[in-house]
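One file, coords-v4.cif, is given below (mmCIF, C-alpha atoms).
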data_final
#
loop_
_atom_site.group_PDB
_atom_site.id
_atom_site.type_symbol
_atom_site.label_atom_id
_atom_site.label_comp_id
_atom_site.auth_asym_id
_atom_site.auth_seq_id
_atom_site.Cartn_x
_atom_site.Cartn_y
_atom_site.Cartn_z
ATOM 1 C CA MET A 1 -67.908 -64.157 217.275
ATOM 2 C CA SER A 2 -68.704 -61.788 214.396
ATOM 3 C CA ARG A 3 -68.354 -62.876 210.784
ATOM 4 C CA ARG A 4 -65.687 -60.228 210.256
ATOM 5 C CA ILE A 5 -63.570 -61.538 213.128
ATOM 6 C CA PHE A 6 -64.116 -65.120 212.031
ATOM 7 C CA ALA A 7 -62.872 -64.374 208.529
ATOM 8 C CA SER A 8 -59.646 -63.014 209.986
ATOM 9 C CA LEU A 9 -59.297 -65.931 212.378
ATOM 10 C CA ALA A 10 -59.747 -68.370 209.507
ATOM 11 C CA VAL A 11 -56.598 -66.932 207.947
ATOM 12 C CA LEU A 12 -54.660 -67.356 211.187
ATOM 13 C CA LEU A 13 -55.989 -70.648 212.469
ATOM 14 C CA PHE A 14 -56.909 -72.821 209.501
ATOM 15 C CA VAL A 15 -54.676 -71.805 206.994
ATOM 16 C CA LEU A 16 -56.509 -73.465 211.774
ATOM 17 C CA GLY A 17 -53.635 -83.946 223.313
ATOM 18 C CA ALA A 18 -56.765 -86.015 223.962
ATOM 19 C CA CYS A 19 -55.690 -88.691 221.538
ATOM 20 C CA ALA A 20 -53.288 -91.585 221.699
ATOM 21 C CA ALA A 21 -51.102 -90.719 218.723
ATOM 22 C CA PRO A 22 -47.722 -89.393 219.891
ATOM 23 C CA VAL A 23 -46.537 -85.903 219.104
ATOM 24 C CA PRO A 24 -43.610 -86.175 216.669
ATOM 25 C CA LYS A 25 -40.275 -86.117 218.441
ATOM 26 C CA ALA A 26 -38.233 -82.963 218.232
ATOM 27 C CA ALA A 27 -35.719 -83.074 215.429
ATOM 28 C CA GLY A 28 -32.184 -82.135 216.344
ATOM 29 C CA PRO A 29 -30.395 -79.173 214.775
ATOM 30 C CA SER A 30 -28.032 -79.573 211.873
ATOM 31 C CA PRO A 31 -24.540 -78.117 211.998
ATOM 32 C CA SER A 32 -24.487 -74.359 211.443
ATOM 33 C CA THR A 33 -21.945 -74.952 208.679
ATOM 34 C CA GLY A 34 -24.891 -76.012 206.471
ATOM 35 C CA PHE A 35 -25.690 -72.351 205.851
ATOM 36 C CA PRO A 36 -26.454 -70.330 203.843
ATOM 37 C CA VAL A 37 -29.547 -72.151 202.597
ATOM 38 C CA SER A 38 -32.293 -71.152 200.187
ATOM 39 C CA VAL A 39 -35.936 -72.206 200.530
ATOM 40 C CA SER A 40 -39.083 -71.629 198.492
ATOM 41 C CA ASP A 41 -41.928 -70.414 200.694
ATOM 42 C CA PHE A 42 -45.712 -70.561 200.318
ATOM 43 C CA GLN A 43 -45.790 -67.409 198.221
ATOM 44 C CA GLY A 44 -43.353 -68.927 195.737
ATOM 45 C CA ARG A 45 -40.559 -66.637 196.949
ATOM 46 C CA THR A 46 -36.996 -67.932 197.115
ATOM 47 C CA VAL A 47 -35.598 -66.839 200.459
ATOM 48 C CA THR A 48 -31.953 -67.172 201.475
ATOM 49 C CA VAL A 49 -31.140 -67.716 205.145
ATOM 50 C CA PRO A 50 -27.493 -66.636 205.603
ATOM 51 C CA LYS A 51 -26.807 -68.405 208.916
ATOM 52 C CA ARG A 52 -28.487 -70.558 211.525
ATOM 53 C CA PRO A 53 -31.088 -68.222 213.059
ATOM 54 C CA GLU A 54 -30.859 -67.719 216.807
ATOM 55 C CA ARG A 55 -33.692 -65.178 217.101
ATOM 56 C CA ILE A 56 -36.944 -66.343 215.525
ATOM 57 C CA VAL A 57 -40.410 -64.783 215.362
ATOM 58 C CA SER A 58 -43.396 -67.016 214.617
ATOM 59 C CA ILE A 59 -46.719 -65.581 213.483
ATOM 60 C CA GLY A 60 -49.062 -68.552 213.331
ATOM 61 C CA PRO A 61 -49.937 -71.245 215.907
ATOM 62 C CA SER A 62 -49.110 -74.136 213.581
ATOM 63 C CA ILE A 63 -45.747 -72.551 212.724
ATOM 64 C CA THR A 64 -44.911 -72.256 216.413
ATOM 65 C CA GLU A 65 -45.729 -75.930 216.903
ATOM 66 C CA PHE A 66 -43.489 -76.858 213.973
ATOM 67 C CA LEU A 67 -40.583 -74.894 215.455
ATOM 68 C CA PHE A 68 -40.915 -76.640 218.811
ATOM 69 C CA ALA A 69 -41.245 -80.047 217.154
ATOM 70 C CA LEU A 70 -38.012 -79.283 215.287
ATOM 71 C CA GLY A 71 -36.156 -78.432 218.490
ATOM 72 C CA ALA A 72 -36.015 -74.699 217.769
ATOM 73 C CA GLY A 73 -38.463 -73.570 220.456
ATOM 74 C CA ASP A 74 -35.732 -72.099 222.627
ATOM 75 C CA ARG A 75 -34.777 -69.751 219.791
ATOM 76 C CA ILE A 76 -38.245 -68.178 219.432
ATOM 77 C CA VAL A 77 -38.361 -64.617 220.798
ATOM 78 C CA GLY A 78 -41.921 -63.702 219.807
ATOM 79 C CA VAL A 79 -45.176 -65.380 218.759
ATOM 80 C CA ASP A 80 -48.741 -64.448 217.828
ATOM 81 C CA ASP A 81 -51.433 -64.333 220.515
ATOM 82 C CA PHE A 82 -52.941 -67.663 219.424
ATOM 83 C CA SER A 83 -49.753 -69.722 219.867
ATOM 84 C CA ASP A 84 -50.535 -71.820 222.932
ATOM 85 C CA GLU A 85 -49.009 -75.213 222.104
ATOM 86 C CA PRO A 86 -46.828 -76.611 223.471
ATOM 87 C CA PRO A 87 -47.298 -74.982 226.900
ATOM 88 C CA ALA A 88 -43.835 -73.388 226.664
ATOM 89 C CA ALA A 89 -45.172 -71.225 223.814
ATOM 90 C CA THR A 90 -47.451 -69.379 226.231
ATOM 91 C CA LYS A 91 -44.388 -67.947 228.010
ATOM 92 C CA ILE A 92 -42.984 -66.286 224.889
ATOM 93 C CA GLU A 93 -43.696 -62.632 224.199
ATOM 94 C CA LYS A 94 -46.994 -62.143 222.370
ATOM 95 C CA LEU A 95 -47.025 -59.941 219.286
ATOM 96 C CA GLY A 96 -50.707 -59.522 218.520
ATOM 97 C CA GLY A 97 -53.607 -61.504 217.116
ATOM 98 C CA ILE A 98 -55.683 -60.469 214.121
ATOM 99 C CA LYS A 99 -53.282 -57.587 213.602
ATOM 100 C CA VAL A 100 -49.700 -58.140 214.690
ATOM 101 C CA ASN A 101 -47.562 -55.525 216.410
ATOM 102 C CA PHE A 102 -45.248 -54.598 213.563
ATOM 103 C CA GLU A 103 -43.104 -52.249 215.638
ATOM 104 C CA ARG A 104 -42.548 -54.839 218.364
ATOM 105 C CA ILE A 105 -41.511 -57.484 215.823
ATOM 106 C CA VAL A 106 -38.881 -55.111 214.456
ATOM 107 C CA ALA A 107 -37.697 -54.218 217.967
ATOM 108 C CA LEU A 108 -37.034 -57.885 218.742
ATOM 109 C CA GLN A 109 -34.435 -57.907 215.937
ATOM 110 C CA PRO A 110 -35.317 -61.376 214.656
ATOM 111 C CA GLU A 111 -32.968 -63.082 212.246
ATOM 112 C CA ILE A 112 -35.943 -64.777 210.640
ATOM 113 C CA VAL A 113 -39.724 -64.238 210.697
ATOM 114 C CA PHE A 114 -42.063 -67.112 209.872
ATOM 115 C CA ILE A 115 -45.531 -65.844 209.088
ATOM 116 C CA LEU A 116 -48.881 -66.956 207.716
ATOM 117 C CA LYS A 117 -50.057 -65.622 204.358
ATOM 118 C CA LEU A 118 -51.497 -62.291 205.514
ATOM 119 C CA SER A 119 -52.906 -59.743 203.083
ATOM 120 C CA ASP A 120 -52.641 -56.612 205.222
ATOM 121 C CA GLY A 121 -49.190 -55.541 203.998
ATOM 122 C CA THR A 122 -47.303 -56.853 207.047
ATOM 123 C CA ILE A 123 -45.209 -59.305 205.026
ATOM 124 C CA GLU A 124 -44.162 -56.657 202.544
ATOM 125 C CA ARG A 125 -43.319 -54.144 205.274
ATOM 126 C CA LEU A 126 -41.156 -56.655 207.152
ATOM 127 C CA ALA A 127 -39.335 -57.705 203.983
ATOM 128 C CA ALA A 128 -38.656 -54.075 203.103
ATOM 129 C CA ILE A 129 -36.749 -53.361 206.335
ATOM 130 C CA PRO A 130 -35.204 -55.818 205.322
ATOM 131 C CA LEU A 131 -35.891 -58.839 207.515
ATOM 132 C CA THR A 132 -35.690 -62.435 206.403
ATOM 133 C CA VAL A 133 -39.367 -63.371 206.033
ATOM 134 C CA ILE A 134 -40.659 -66.839 205.151
ATOM 135 C CA VAL A 135 -44.361 -67.365 204.476
ATOM 136 C CA VAL A 136 -45.555 -70.718 205.845
ATOM 137 C CA ASP A 137 -49.223 -71.449 205.220
ATOM 138 C CA PRO A 138 -50.169 -75.092 204.550
ATOM 139 C CA GLN A 139 -53.815 -75.447 203.600
ATOM 140 C CA ALA A 140 -53.939 -79.164 202.819
ATOM 141 C CA ILE A 141 -52.786 -82.353 204.500
ATOM 142 C CA SER A 142 -50.386 -82.937 201.620
ATOM 143 C CA GLU A 143 -48.624 -79.665 202.433
ATOM 144 C CA VAL A 144 -48.038 -80.360 206.125
ATOM 145 C CA ALA A 145 -45.117 -82.764 205.717
ATOM 146 C CA SER A 146 -43.447 -80.459 203.181
ATOM 147 C CA THR A 147 -43.816 -77.639 205.700
ATOM 148 C CA ALA A 148 -41.730 -79.639 208.176
ATOM 149 C CA THR A 149 -39.001 -79.942 205.551
ATOM 150 C CA LEU A 150 -39.160 -76.245 204.674
ATOM 151 C CA VAL A 151 -39.046 -74.961 208.251
ATOM 152 C CA GLY A 152 -36.415 -77.500 209.249
ATOM 153 C CA LYS A 153 -34.091 -76.447 206.445
ATOM 154 C CA ALA A 154 -34.529 -72.763 207.336
ATOM 155 C CA VAL A 155 -33.646 -73.225 211.014
ATOM 156 C CA GLY A 156 -30.988 -75.909 210.635
ATOM 157 C CA ALA A 157 -32.979 -78.908 211.874
ATOM 158 C CA ASP A 158 -33.905 -82.320 210.494
ATOM 159 C CA GLY A 159 -37.245 -81.471 208.917
ATOM 160 C CA ASP A 160 -37.135 -84.535 206.680
ATOM 161 C CA ARG A 161 -37.307 -86.833 209.682
ATOM 162 C CA LEU A 162 -40.275 -84.932 211.093
ATOM 163 C CA ALA A 163 -41.961 -85.044 207.674
ATOM 164 C CA LYS A 164 -41.587 -88.832 207.592
ATOM 165 C CA ASP A 165 -43.038 -89.136 211.109
ATOM 166 C CA ILE A 166 -46.046 -87.050 210.065
ATOM 167 C CA GLY A 167 -46.567 -89.092 206.919
ATOM 168 C CA ARG A 168 -46.335 -92.357 208.828
ATOM 169 C CA GLN A 169 -48.930 -91.291 211.404
ATOM 170 C CA VAL A 170 -51.391 -90.114 208.749
ATOM 171 C CA ASP A 171 -50.881 -93.290 206.721
ATOM 172 C CA GLU A 172 -51.656 -95.408 209.790
ATOM 173 C CA VAL A 173 -55.013 -93.654 210.173
ATOM 174 C CA LYS A 174 -55.749 -94.045 206.448
ATOM 175 C CA ALA A 175 -54.983 -97.752 206.635
ATOM 176 C CA THR A 176 -57.419 -98.199 209.512
ATOM 177 C CA THR A 177 -60.291 -96.159 208.056
ATOM 178 C CA ALA A 178 -59.903 -97.907 204.694
ATOM 179 C CA LYS A 179 -61.405 -100.933 206.441
ATOM 180 C CA ALA A 180 -64.654 -99.082 207.179
ATOM 181 C CA ALA A 181 -67.795 -100.421 205.544
ATOM 182 C CA THR A 182 -69.372 -96.963 205.219
ATOM 183 C CA ARG A 183 -68.409 -93.311 204.820
ATOM 184 C CA PRO A 184 -70.769 -91.381 207.118
ATOM 185 C CA ARG A 185 -71.912 -87.894 206.108
ATOM 186 C CA VAL A 186 -70.013 -85.336 208.223
ATOM 187 C CA TYR A 187 -70.896 -81.726 208.961
ATOM 188 C CA HIS A 188 -68.008 -79.786 210.524
ATOM 189 C CA GLU A 189 -69.126 -76.524 212.083
ATOM 190 C CA ILE A 190 -66.718 -73.601 212.220
ATOM 191 C CA ASP A 191 -68.871 -70.618 213.165
ATOM 192 C CA ALA A 192 -72.632 -70.211 213.529
ATOM 193 C CA SER A 193 -72.819 -66.698 214.946
ATOM 194 C CA ASP A 194 -74.965 -65.871 211.911
ATOM 195 C CA PRO A 195 -77.501 -68.740 211.865
ATOM 196 C CA THR A 196 -78.494 -67.887 208.292
ATOM 197 C CA LYS A 197 -74.940 -68.290 206.984
ATOM 198 C CA ILE A 198 -73.010 -70.891 208.952
ATOM 199 C CA PHE A 199 -69.330 -71.403 208.192
ATOM 200 C CA THR A 200 -68.193 -74.938 207.451
ATOM 201 C CA VAL A 201 -65.313 -76.497 205.493
ATOM 202 C CA GLY A 202 -65.081 -77.281 201.793
ATOM 203 C CA PRO A 203 -62.563 -78.537 199.236
ATOM 204 C CA GLY A 204 -59.181 -76.853 199.551
ATOM 205 C CA SER A 205 -59.319 -76.736 203.334
ATOM 206 C CA TYR A 206 -57.189 -78.750 205.702
ATOM 207 C CA ILE A 207 -60.205 -80.045 207.611
ATOM 208 C CA HIS A 208 -61.926 -81.237 204.421
ATOM 209 C CA ASP A 209 -58.866 -83.421 203.872
ATOM 210 C CA LEU A 210 -59.032 -84.535 207.502
ATOM 211 C CA ILE A 211 -62.638 -85.691 207.066
ATOM 212 C CA GLY A 212 -61.629 -87.836 204.090
ATOM 213 C CA ILE A 213 -58.683 -89.389 205.933
ATOM 214 C CA ALA A 214 -60.983 -90.153 208.859
ATOM 215 C CA GLY A 215 -63.267 -92.087 206.533
ATOM 216 C CA GLY A 216 -66.093 -89.568 206.327
ATOM 217 C CA ALA A 217 -67.915 -87.762 203.514
ATOM 218 C CA ASN A 218 -68.048 -83.985 203.863
ATOM 219 C CA ILE A 219 -71.580 -82.643 203.269
ATOM 220 C CA ALA A 220 -69.975 -79.539 201.699
ATOM 221 C CA ALA A 221 -67.768 -81.521 199.313
ATOM 222 C CA ASN A 222 -69.284 -79.718 196.327
ATOM 223 C CA ALA A 223 -68.728 -76.221 197.697
ATOM 224 C CA THR A 224 -66.760 -73.772 195.579
ATOM 225 C CA SER A 225 -64.657 -72.365 198.436
ATOM 226 C CA ALA A 226 -62.535 -73.723 201.260
ATOM 227 C CA TYR A 227 -64.718 -72.149 203.957
ATOM 228 C CA PRO A 228 -68.243 -71.905 202.529
ATOM 229 C CA GLN A 229 -71.327 -70.618 204.300
ATOM 230 C CA LEU A 230 -74.450 -72.790 204.374
ATOM 231 C CA SER A 231 -77.929 -71.996 205.585
ATOM 232 C CA ALA A 232 -79.378 -74.051 208.412
ATOM 233 C CA GLU A 233 -81.888 -75.404 205.894
ATOM 234 C CA GLN A 234 -79.086 -76.651 203.618
ATOM 235 C CA ILE A 235 -77.379 -78.417 206.506
ATOM 236 C CA VAL A 236 -80.589 -80.063 207.694
ATOM 237 C CA LYS A 237 -81.425 -81.145 204.138
ATOM 238 C CA SER A 238 -77.987 -82.782 203.756
ATOM 239 C CA ASP A 239 -78.836 -84.862 206.861
ATOM 240 C CA PRO A 240 -75.353 -85.318 208.361
ATOM 241 C CA GLU A 241 -74.816 -88.514 210.283
ATOM 242 C CA ILE A 242 -72.095 -86.901 212.405
ATOM 243 C CA VAL A 243 -71.679 -83.301 213.531
ATOM 244 C CA VAL A 244 -68.168 -82.278 214.541
ATOM 245 C CA LEU A 245 -67.463 -79.128 216.530
ATOM 246 C CA ALA A 246 -63.978 -77.647 216.863
ATOM 247 C CA ALA A 247 -64.720 -76.924 220.495
ATOM 248 C CA SER A 248 -63.622 -73.636 222.023
ATOM 249 C CA ASP A 249 -64.999 -71.183 224.545
ATOM 250 C CA TYR A 250 -67.281 -69.518 222.005
ATOM 251 C CA SER A 251 -68.455 -72.714 220.283
ATOM 252 C CA PRO A 252 -72.000 -74.007 220.829
ATOM 253 C CA LYS A 253 -72.323 -77.137 222.908
ATOM 254 C CA PRO A 254 -73.816 -80.367 221.549
ATOM 255 C CA ASP A 255 -77.121 -79.820 223.355
ATOM 256 C CA GLN A 256 -77.385 -76.354 221.814
ATOM 257 C CA ILE A 257 -76.891 -77.848 218.352
ATOM 258 C CA ALA A 258 -79.585 -80.425 219.015
ATOM 259 C CA ALA A 259 -82.021 -77.725 220.176
ATOM 260 C CA ARG A 260 -81.823 -75.673 216.964
ATOM 261 C CA PRO A 261 -85.182 -75.313 215.210
ATOM 262 C CA GLY A 262 -85.646 -78.131 212.696
ATOM 263 C CA TRP A 263 -82.493 -79.991 213.673
ATOM 264 C CA SER A 264 -84.305 -82.702 215.634
ATOM 265 C CA GLN A 265 -84.863 -84.546 212.328
ATOM 266 C CA VAL A 266 -81.123 -84.687 211.536
ATOM 267 C CA THR A 267 -79.685 -88.193 211.799
ATOM 268 C CA ALA A 268 -76.677 -87.023 213.845
ATOM 269 C CA VAL A 269 -78.987 -85.387 216.383
ATOM 270 C CA LYS A 270 -81.299 -88.396 216.635
ATOM 271 C CA ALA A 271 -78.293 -90.702 217.058
ATOM 272 C CA ARG A 272 -76.586 -88.288 219.477
ATOM 273 C CA ARG A 273 -73.487 -88.175 217.319
ATOM 274 C CA ILE A 274 -72.467 -84.573 217.938
ATOM 275 C CA VAL A 275 -68.769 -84.652 218.771
ATOM 276 C CA ALA A 276 -66.622 -81.852 220.201
ATOM 277 C CA LEU A 277 -62.901 -82.031 219.415
ATOM 278 C CA PRO A 278 -60.123 -79.722 220.709
ATOM 279 C CA ALA A 279 -59.944 -76.662 218.457
ATOM 280 C CA ASN A 280 -56.199 -76.135 218.842
ATOM 281 C CA LEU A 281 -55.611 -79.725 217.721
ATOM 282 C CA VAL A 282 -58.056 -80.152 214.848
ATOM 283 C CA ASN A 283 -57.930 -76.659 213.336
ATOM 284 C CA ARG A 284 -54.159 -76.443 212.875
ATOM 285 C CA PRO A 285 -52.219 -77.950 209.976
ATOM 286 C CA GLY A 286 -49.170 -78.545 212.129
ATOM 287 C CA PRO A 287 -46.927 -81.362 213.348
ATOM 288 C CA ARG A 288 -49.778 -82.931 215.361
ATOM 289 C CA VAL A 289 -51.727 -83.698 212.198
ATOM 290 C CA GLY A 290 -51.384 -87.435 212.889
ATOM 291 C CA GLU A 291 -52.950 -86.933 216.311
ATOM 292 C CA ALA A 292 -55.692 -84.783 214.765
ATOM 293 C CA ALA A 293 -56.415 -87.410 212.111
ATOM 294 C CA LEU A 294 -56.687 -90.091 214.799
ATOM 295 C CA ALA A 295 -59.065 -87.962 216.883
ATOM 296 C CA TYR A 296 -61.234 -87.331 213.854
ATOM 297 C CA ALA A 297 -61.194 -90.979 212.810
ATOM 298 C CA LYS A 298 -62.319 -92.052 216.283
ATOM 299 C CA ALA A 299 -65.218 -89.592 216.017
ATOM 300 C CA VAL A 300 -66.270 -90.815 212.558
ATOM 301 C CA HIS A 301 -65.536 -94.543 212.974
ATOM 302 C CA PRO A 302 -65.471 -95.382 216.696
ATOM 303 C CA GLU A 303 -66.187 -99.005 215.804
ATOM 304 C CA LEU A 304 -62.683 -99.293 214.311
ATOM 305 C CA TYR A 305 -60.995 -98.273 217.565
ATOM 306 C CA ARG A 306 -62.727 -100.420 220.157
#
Full structure transcribed into structure tokens:
Amino acid sequence: MSRRIFASLAVLLFVLGACAAPVPKAAGPSPSTGFPVSVSDFQGRTVTVPKRPERIVSIGPSITEFLFALGAGDRIVGVDDFSDEPPAATKIEKLGGIKVNFERIVALQPEIVFILKLSDGTIERLAAIPLTVIVVDPQAISEVASTATLVGKAVGADGDRLAKDIGRQVDEVKATTAKAATRPRVYHEIDASDPTKIFTVGPGSYIHDLIGIAGGANIAANATSAYPQLSAEQIVKSDPEIVVLAASDYSPKPDQIAARPGWSQVTAVKARRIVALPANLVNRPGPRVGEAALAYAKAVHPELYR
């Protein structure tokens, strides 16, 4: 994957069920008489939704998951190419990936468009039609529960209940990892297509928060950006005790990580603690955050879950 494509994917996927934690139950719809409602989105815009939307477009995998968790999946008429959870999302019309099909979105006549914080002018063009556009782009664990409330209010569902479920699941993981005697050094690899500048996660990213909740210490905790690039030498020097891969088709496999020049001296490699986790679970700040936190905690502190 090229660095240019990765940078675009980071916007879509991070912004991006092997574990035992349950997926939050779908929240039932509220009476349509609760409309109109006004919400404040992730661009600080106050958006008024005049009536319960029956035709919804979702541009963002985590947004799509929120809508299904809120019981509004049957009202979605279009999604981005990366929306693949739950399985029912794969049957909905796809509207593009890095660049969405603007004309097709308009043709679907959605009553509301939920979209990630894109900078290519799509949001402004949709709002100018005008369509009701709500930007939903949580970038921290603390913003995930509030996203459930925001989306729930906009579609006429009980987002508060979903928010509480999310908070409870995350708190359960925190309570368990608080018992850990150590905080192992964690290196989370995002993209190493350029071996001289490898993408990882830093402060301000959802996965950085996830590492902390799981009881780990991010080796890039002092980075000045949410998705910094480190050289292989910097990573080796930091000597991570655990390497976590958000596994996907293009991701390197654990044995490929171990075979990198100079990496044989890394503690995680010597201890064979290179862990691959499902990308569509770990990378997305969505309603399965409790499940993602549990998966990460089991990777960092397996001794707590025996």
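Each of A:Thr177, A:Thr267, A:Thr200, A:Asn218 was checked against A:Ala232 using all atoms listed in the file; the smallest atom-to-atom distance is that of A:Thr200.
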Can you pull out the residues contacting A:Ala293? Cut-off 8 Å, using all atoms listed in the file, and skip same-chain residues under 5 positions away; I want them as JSON, numbers by chain. {"A": [170, 173, 210, 213, 214, 282]}
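The point (-26.6, -67.1, 203.5) has these residues within 7 Å of it when all atoms listed in the file are used: A:Phe35, A:Pro36, A:Val37, A:Thr48, A:Val49, A:Pro50, A:Lys51.
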Explicit residue set for the PyMOL selection byres ((chain A and resi 229) around 12), as an MDAnalysis selection string: chainID A and resid 3 6:7 188:202 220 223:228 230:235
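Distances from A:Ala148, A:Val106, A:Val39, A:Val47 to A:Leu67 were compared using all atoms listed in the file, and the smallest one belongs to A:Ala148.
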Residue neighbourhood A:Ala247, 7 Å, only C-alpha atoms, exclusion window fewer than 3 positions, as JSON, numbers by chain: {"A": [251, 276, 277, 278, 279]}
Find the spatial neighbours of A:Ala217, counting all atoms listed in the file, within a cut-off of 6 Å - ignore same-chain residues fewer than 3 positions away - and output them as number ranges by chain. A: 183-186
Grab stretch 158-176 of chain A from that structure and dump N, CA and C atoms to a file, as a PDB file, in the first residue's frame.
ATOM      1  N   ASP A 158     -32.360   5.070  20.740  1.00  0.00           N
ATOM      2  CA  ASP A 158     -31.877   5.270  22.095  1.00  0.00           C
ATOM      3  C   ASP A 158     -30.353   5.196  22.128  1.00  0.00           C
ATOM      4  N   GLY A 159     -29.702   6.263  21.722  1.00  0.00           N
ATOM      5  CA  GLY A 159     -28.249   6.305  21.727  1.00  0.00           C
ATOM      6  C   GLY A 159     -27.669   6.347  23.120  1.00  0.00           C
ATOM      7  N   ASP A 160     -28.405   6.888  24.075  1.00  0.00           N
ATOM      8  CA  ASP A 160     -27.902   6.945  25.452  1.00  0.00           C
ATOM      9  C   ASP A 160     -27.690   5.545  26.023  1.00  0.00           C
ATOM     10  N   ARG A 161     -28.602   4.646  25.716  1.00  0.00           N
ATOM     11  CA  ARG A 161     -28.463   3.282  26.217  1.00  0.00           C
ATOM     12  C   ARG A 161     -27.238   2.604  25.616  1.00  0.00           C
ATOM     13  N   LEU A 162     -27.035   2.814  24.312  1.00  0.00           N
ATOM     14  CA  LEU A 162     -25.862   2.244  23.653  1.00  0.00           C
ATOM     15  C   LEU A 162     -24.585   2.846  24.235  1.00  0.00           C
ATOM     16  N   ALA A 163     -24.606   4.152  24.493  1.00  0.00           N
ATOM     17  CA  ALA A 163     -23.441   4.822  25.079  1.00  0.00           C
ATOM     18  C   ALA A 163     -23.086   4.208  26.432  1.00  0.00           C
ATOM     19  N   LYS A 164     -24.102   3.920  27.239  1.00  0.00           N
ATOM     20  CA  LYS A 164     -23.856   3.321  28.553  1.00  0.00           C
ATOM     21  C   LYS A 164     -23.281   1.913  28.411  1.00  0.00           C
ATOM     22  N   ASP A 165     -23.786   1.150  27.438  1.00  0.00           N
ATOM     23  CA  ASP A 165     -23.254  -0.195  27.197  1.00  0.00           C
ATOM     24  C   ASP A 165     -21.776  -0.132  26.817  1.00  0.00           C
ATOM     25  N   ILE A 166     -21.439   0.818  25.940  1.00  0.00           N
ATOM     26  CA  ILE A 166     -20.050   0.984  25.516  1.00  0.00           C
ATOM     27  C   ILE A 166     -19.172   1.346  26.708  1.00  0.00           C
ATOM     28  N   GLY A 167     -19.622   2.307  27.494  1.00  0.00           N
ATOM     29  CA  GLY A 167     -18.860   2.731  28.659  1.00  0.00           C
ATOM     30  C   GLY A 167     -18.639   1.605  29.652  1.00  0.00           C
ATOM     31  N   ARG A 168     -19.685   0.803  29.847  1.00  0.00           N
ATOM     32  CA  ARG A 168     -19.583  -0.313  30.797  1.00  0.00           C
ATOM     33  C   ARG A 168     -18.547  -1.329  30.323  1.00  0.00           C
ATOM     34  N   GLN A 169     -18.574  -1.666  29.042  1.00  0.00           N
ATOM     35  CA  GLN A 169     -17.627  -2.654  28.515  1.00  0.00           C
ATOM     36  C   GLN A 169     -16.187  -2.170  28.623  1.00  0.00           C
ATOM     37  N   VAL A 170     -15.958  -0.905  28.297  1.00  0.00           N
ATOM     38  CA  VAL A 170     -14.603  -0.346  28.388  1.00  0.00           C
ATOM     39  C   VAL A 170     -14.147  -0.305  29.838  1.00  0.00           C
ATOM     40  N   ASP A 171     -15.041   0.079  30.733  1.00  0.00           N
ATOM     41  CA  ASP A 171     -14.693   0.149  32.158  1.00  0.00           C
ATOM     42  C   ASP A 171     -14.334  -1.227  32.714  1.00  0.00           C
ATOM     43  N   GLU A 172     -14.991  -2.269  32.230  1.00  0.00           N
ATOM     44  CA  GLU A 172     -14.681  -3.624  32.682  1.00  0.00           C
ATOM     45  C   GLU A 172     -13.252  -4.007  32.298  1.00  0.00           C
ATOM     46  N   VAL A 173     -12.844  -3.623  31.079  1.00  0.00           N
ATOM     47  CA  VAL A 173     -11.469  -3.910  30.658  1.00  0.00           C
ATOM     48  C   VAL A 173     -10.485  -3.109  31.491  1.00  0.00           C
ATOM     49  N   LYS A 174     -10.783  -1.829  31.717  1.00  0.00           N
ATOM     50  CA  LYS A 174      -9.907  -0.983  32.546  1.00  0.00           C
ATOM     51  C   LYS A 174      -9.731  -1.583  33.938  1.00  0.00           C
ATOM     52  N   ALA A 175     -10.817  -2.051  34.512  1.00  0.00           N
ATOM     53  CA  ALA A 175     -10.763  -2.601  35.865  1.00  0.00           C
ATOM     54  C   ALA A 175      -9.867  -3.833  35.919  1.00  0.00           C
ATOM     55  N   THR A 176      -9.894  -4.625  34.867  1.00  0.00           N
ATOM     56  CA  THR A 176      -9.059  -5.831  34.829  1.00  0.00           C
ATOM     57  C   THR A 176      -7.592  -5.472  34.636  1.00  0.00           C
TER      58      THR A 176
END
